[in-house]
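Novice: The file below is coords17.txt, compact mmCIF, C-alpha atoms:
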```txt
# COMPACT_ATOMS: atom_id res chain seq x y z
CA PRO A 41 3.25 -7.54 -26.83
CA SER A 42 0.15 -9.64 -26.94
CA THR A 43 -1.09 -10.89 -30.28
CA LEU A 44 -4.59 -10.59 -28.80
CA ASN A 45 -4.69 -6.80 -28.90
CA HIS A 46 -6.66 -6.78 -32.14
CA SER A 47 -10.41 -7.13 -32.53
CA TRP A 48 -11.72 -10.70 -32.40
CA GLY A 49 -15.28 -10.05 -33.46
CA ASP A 50 -17.80 -11.14 -30.84
CA HIS A 51 -15.36 -12.87 -28.49
CA MET A 52 -11.78 -13.98 -28.34
CA ASP A 53 -10.99 -17.59 -29.12
CA LYS A 54 -10.46 -19.73 -26.02
CA ASN A 55 -7.61 -21.80 -27.47
CA THR A 56 -5.77 -18.72 -28.73
CA PHE A 57 -6.21 -17.06 -25.33
CA PHE A 58 -4.93 -20.15 -23.50
CA ALA A 59 -1.91 -20.39 -25.80
CA GLU A 60 -1.10 -16.68 -25.51
CA PHE A 61 -1.06 -16.72 -21.70
CA LYS A 62 0.08 -20.33 -21.22
CA LEU A 63 -3.18 -21.23 -19.48
CA SER A 64 -5.40 -24.30 -19.47
CA GLU A 65 -8.75 -25.57 -18.26
CA GLU A 66 -7.03 -26.49 -14.99
CA ASP A 67 -6.23 -22.80 -14.44
CA LEU A 68 -9.92 -21.94 -14.79
CA ILE A 69 -10.80 -24.68 -12.30
CA GLU A 70 -8.17 -23.41 -9.84
CA ALA A 71 -9.50 -19.87 -10.28
CA ASN A 72 -13.07 -21.10 -9.82
CA ILE A 73 -14.27 -19.29 -12.94
CA SER A 74 -15.84 -20.53 -16.15
CA TRP A 75 -14.94 -19.56 -19.69
CA ASN A 76 -18.51 -18.30 -20.06
CA GLU A 77 -18.05 -15.91 -17.11
CA LEU A 78 -14.79 -14.67 -18.63
CA ARG A 79 -16.62 -14.01 -21.91
CA LEU A 80 -19.24 -12.01 -19.99
CA ILE A 81 -16.46 -9.97 -18.34
CA GLU A 82 -14.95 -9.37 -21.79
CA GLU A 83 -18.35 -8.32 -23.16
CA GLU A 84 -18.95 -5.86 -20.31
CA TYR A 85 -15.43 -4.47 -20.56
CA ARG A 86 -15.74 -3.82 -24.28
CA LYS A 87 -18.72 -1.56 -23.49
CA ILE A 88 -16.47 0.82 -21.53
CA GLU A 89 -13.09 0.27 -23.19
CA ARG A 90 -13.47 3.19 -25.64
CA THR A 91 -14.53 5.54 -22.82
CA LEU A 92 -11.51 4.50 -20.76
CA ARG A 93 -9.24 5.22 -23.72
CA GLU A 94 -10.84 8.66 -24.11
CA ILE A 95 -10.37 9.42 -20.40
CA GLY A 96 -6.71 8.48 -20.58
CA LYS A 97 -6.14 10.45 -23.77
CA SER A 98 -7.88 13.47 -22.29
CA PHE A 99 -5.64 13.30 -19.24
CA ILE A 100 -2.53 13.05 -21.41
CA ASP A 101 -3.71 15.98 -23.56
CA GLU A 102 -4.54 18.18 -20.57
CA TYR A 103 -1.57 17.53 -18.32
CA LEU A 104 1.20 15.86 -20.22
CA TYR A 105 0.89 17.96 -23.37
CA ASP A 106 4.28 19.50 -22.69
CA ILE A 107 6.48 17.13 -20.76
CA GLU A 108 9.32 19.64 -20.47
CA THR A 109 7.10 22.28 -18.87
CA ALA A 110 5.65 19.68 -16.51
CA GLY A 111 9.17 18.59 -15.48
CA ILE A 112 8.56 15.10 -16.77
CA HIS A 113 11.30 13.05 -18.36
CA SER A 114 8.95 10.57 -19.98
CA TYR A 115 5.59 8.92 -19.62
CA ARG A 116 3.80 5.81 -20.74
CA TYR A 117 0.05 5.41 -21.08
CA ARG A 118 -2.10 2.40 -21.78
CA THR A 119 -5.64 1.07 -21.46
CA LYS A 120 -5.69 -2.55 -20.35
CA GLY A 121 -6.60 -4.88 -23.18
CA ALA A 122 -9.50 -7.29 -22.76
CA ALA A 123 -7.23 -10.34 -22.96
CA GLN A 124 -4.91 -8.91 -20.31
CA LEU A 125 -7.92 -8.18 -18.10
CA LEU A 126 -9.11 -11.79 -18.33
CA GLU A 127 -5.63 -13.13 -17.61
CA LYS A 128 -5.42 -10.90 -14.54
CA VAL A 129 -8.85 -12.02 -13.32
CA ILE A 130 -7.73 -15.66 -13.54
CA ARG A 131 -4.41 -14.94 -11.83
CA LYS A 132 -5.96 -12.90 -8.99
CA LYS A 133 -8.67 -15.47 -8.34
CA LYS A 134 -6.02 -18.21 -8.19
CA GLU A 135 -3.67 -16.23 -5.94
CA ASN A 136 -6.29 -15.07 -3.45
CA PRO A 137 -9.51 -17.08 -3.76
CA GLU A 138 -11.19 -15.55 -0.70
CA LYS A 139 -10.55 -11.92 -1.64
CA PHE A 140 -11.69 -12.41 -5.24
CA ALA A 141 -14.41 -15.03 -4.69
CA LEU A 142 -17.26 -12.68 -5.65
CA LEU A 143 -15.55 -11.14 -8.70
CA ASP A 144 -17.73 -11.53 -11.79
CA HIS A 145 -18.91 -9.67 -14.90
CA THR A 146 -21.07 -7.30 -12.83
CA ASN A 147 -18.25 -6.04 -10.60
CA TYR A 148 -14.82 -6.89 -12.12
CA TYR A 149 -13.95 -3.16 -12.31
CA LYS A 150 -14.18 -2.95 -8.51
CA TYR A 151 -11.41 -5.52 -8.19
CA VAL A 152 -9.16 -4.67 -11.13
CA THR A 153 -8.11 -1.10 -10.46
CA ASP A 154 -5.61 -0.59 -13.27
CA LEU A 155 -7.86 -0.48 -16.32
CA ILE A 156 -6.09 2.78 -17.23
CA GLY A 157 -2.41 3.11 -16.45
CA ILE A 158 -0.18 6.15 -16.66
CA ARG A 159 3.45 5.92 -15.57
CA VAL A 160 5.36 9.16 -15.22
CA CYS A 161 9.14 9.41 -14.85
CA ASP A 162 10.33 12.73 -13.50
CA LEU A 163 13.66 14.37 -14.22
CA TYR A 164 14.40 14.85 -10.52
CA ARG A 165 13.36 12.77 -7.53
CA GLU A 166 11.59 15.66 -5.81
CA ASP A 167 9.44 16.47 -8.87
CA TRP A 168 6.94 13.70 -8.08
CA ILE A 169 5.05 16.12 -5.82
CA HIS A 170 3.96 18.27 -8.81
CA PHE A 171 2.26 15.34 -10.49
CA HIS A 172 0.77 14.21 -7.17
CA ASN A 173 -0.64 17.69 -6.53
CA TYR A 174 -2.14 17.77 -10.01
CA ILE A 175 -3.86 14.40 -9.55
CA THR A 176 -5.21 15.30 -6.12
CA SER A 177 -6.50 18.64 -7.39
CA ARG A 178 -8.43 16.94 -10.21
CA PHE A 179 -9.89 14.06 -8.20
CA GLU A 180 -11.32 13.99 -4.70
CA ASN A 181 -8.67 12.55 -2.39
CA ASP A 182 -10.25 11.69 0.95
CA PRO A 183 -8.50 8.86 2.80
CA ASN A 184 -11.85 8.04 4.39
CA ARG A 185 -13.11 7.09 0.89
CA TYR A 186 -10.28 4.65 0.14
CA ILE A 187 -11.81 1.30 -0.60
CA ASP A 188 -11.39 -1.51 1.91
CA ASP A 189 -14.43 -3.59 0.98
CA ARG A 190 -14.55 -3.51 -2.83
CA LEU A 191 -18.22 -4.42 -3.07
CA ASN A 192 -19.65 -2.23 -0.32
CA ASP A 193 -17.34 0.81 -0.37
CA PHE A 194 -17.34 1.39 -4.13
CA ASP A 195 -19.20 4.51 -5.25
CA GLU A 196 -21.35 3.59 -8.27
CA ASP A 197 -21.83 7.20 -9.44
CA PRO A 198 -20.00 7.39 -12.81
CA ASN A 199 -19.70 11.18 -12.43
CA HIS A 200 -17.97 11.01 -9.04
CA TYR A 201 -14.24 11.03 -9.69
CA TYR A 202 -12.30 10.15 -6.59
CA ILE A 203 -9.10 8.40 -5.65
CA ALA A 204 -10.14 4.97 -4.39
CA GLU A 205 -6.72 3.76 -3.26
CA ARG A 206 -3.82 5.49 -1.54
CA PRO A 207 -1.66 7.12 -4.25
CA LYS A 208 1.81 5.59 -4.71
CA ALA A 209 5.10 7.12 -5.76
CA TYR A 210 8.07 4.86 -6.41
CA LYS A 211 11.60 6.17 -6.48
CA ARG A 212 14.95 4.65 -7.14
CA ALA A 213 17.50 4.72 -4.38
```
Is it possible to give me this structure as structure tokens?
Specialist:
Amino acid sequence: PSTLNHSWGDHMDKNTFFAEFKLSEEDLIEANISWNELRLIEEEYRKIERTLREIGKSFIDEYLYDIETAGIHSYRYRTKGAAQLLEKVIRKKKENPEKFALLDHTNYYKYVTDLIGIRVCDLYREDWIHFHNYITSRFENDPNRYIDDRLNDFDEDPNHYYIAERPKAYKRA
């Protein structure tokens, strides 16, 4: 686990961040992003981090309150930490500079789609459909709304809950 999951006051320390994720100034240059822009992303993310945690907790409380009744073997929930978000921004911008060229503090959430993560393990392979049906009954699931162009297709209405990417179910062979 990251040692950067605690509160750092105004901003995390650059040297501590670099050491934690084995990064350097060269990585920022390769990613074409400045430390100042990363601090702005961190600042914007901290404004919504508590709300994201509340959304995730609410989901867990409403659906996963009784994992036996839901047919779930186990689950894991997390809200992405600010340090992990910044590391991912650097990595994504390095891996695919064209796709992530316009990512900045005003739109990072359009590119990083796993700010809340919930992993569910079912008892039986066929039980995934129950969780899928629950998700698609709670959130609008229109394949025509799936995001291709992250900047132009993204619905800015914070009260419009929809599935922006094709849902995925992984199963072991």
Novice: Determine the nearest neighbour of A:Asn136 from the options A:Asn72, A:Thr56, A:Ser64, A:Thr119, counting all atoms listed in the file.
Specialist: A:Asn72
Novice: When you count all atoms listed in the file, which of these residues is closest to A:Ala123: A:Lys139, A:Arg93, A:Arg178, A:Arg79?
Specialist: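 Distance minimum relative to A:Ala123 lands on A:Arg79.
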Novice: Between A:Ala59, A:Ala204, A:Ile81, A:Ile156, which has the minimum distance to A:Ser98 (counting only C-alpha atoms)?
Specialist: A:Ile156
Novice: Pick out the closest residue to A:Ile158 from this set: A:His170, A:Arg206, A:Lys133, A:Lys97. Count all atoms listed in the file.
Specialist: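 Checking each candidate against A:Ile158, we get A:Lys97 as the closest.
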Novice: Of the candidates A:Phe179, A:Tyr164, A:Phe61, A:Tyr103, which shows the shortest atom-to-atom distance to A:His200, using all atoms listed in the file?
Specialist: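 Of A:Phe179, A:Tyr164, A:Phe61, A:Tyr103, the one nearest A:His200 is A:Phe179, counting all atoms listed in the file.
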Novice: Tell me which of A:Glu166, A:Asp67, A:Glu205, A:Glu196 sits closest to A:Glu127, counting only C-alpha atoms.
Specialist: A:Asp67
Novice: Any idea what the distance is between atom CA of A:Met52 and atom CA of A:Glu82?
Specialist: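 Spanning atom CA of A:Met52 to atom CA of A:Glu82 is a straight-line distance of 8.6 Å.
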Novice: May I have the residues within 8 Å of A:Tyr202 as a ChimeraX atom specification, using all atoms listed in the file and disregarding those fewer than 3 positions away in the same chain?
Specialist: /A:179-182
Novice: Would you save the residues from that selection as an mmCIF file, in the frame of the given file, using C-alpha atoms?
Specialist:
```cif
data_model
loop_
_atom_site.group_PDB
_atom_site.id
_atom_site.type_symbol
_atom_site.label_atom_id
_atom_site.label_comp_id
_atom_site.auth_asym_id
_atom_site.auth_seq_id
_atom_site.Cartn_x
_atom_site.Cartn_y
_atom_site.Cartn_z
ATOM 1 C CA PHE A 179 -9.890 14.060 -8.200
ATOM 2 C CA GLU A 180 -11.320 13.990 -4.700
ATOM 3 C CA ASN A 181 -8.670 12.550 -2.390
ATOM 4 C CA ASP A 182 -10.250 11.690 0.950
#
```
Novice: Please compute the atom CA of A:Gly157-atom CA of A:Ile73 distance, one decimal, in Å.
Specialist: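 Rounded to one decimal, the two atoms are 25.6 Å apart.
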Novice: Go ahead and compute the interatomic distance for atom CA of A:Arg212 and atom CA of A:Asp162, in Å to one decimal.
Specialist: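 About the pair atom CA of A:Arg212 and atom CA of A:Asp162: they are 11.3 Å apart.
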Novice: For A:Lys134, find every residue with an atom within 10 Å (counting only C-alpha atoms), except residues of its own chain fewer than 5 positions away, and show them as a PyMOL selection string.
Specialist: chain A and resi 67-73+128-129+140-141
Novice: Applying 9 Å and all atoms listed in the file, which residues near A:Leu78 remain after dropping the ones on its own chain fewer than 6 positions away? List them as a CSV table (one decimal) with C-alpha atoms, keeping the file's coordinate frame.
Specialist:
```csv
chain,number,residue,atom,x,y,z
A,126,LEU,CA,-9.1,-11.8,-18.3
A,129,VAL,CA,-8.8,-12.0,-13.3
A,130,ILE,CA,-7.7,-15.7,-13.5
A,144,ASP,CA,-17.7,-11.5,-11.8
A,145,HIS,CA,-18.9,-9.7,-14.9
```
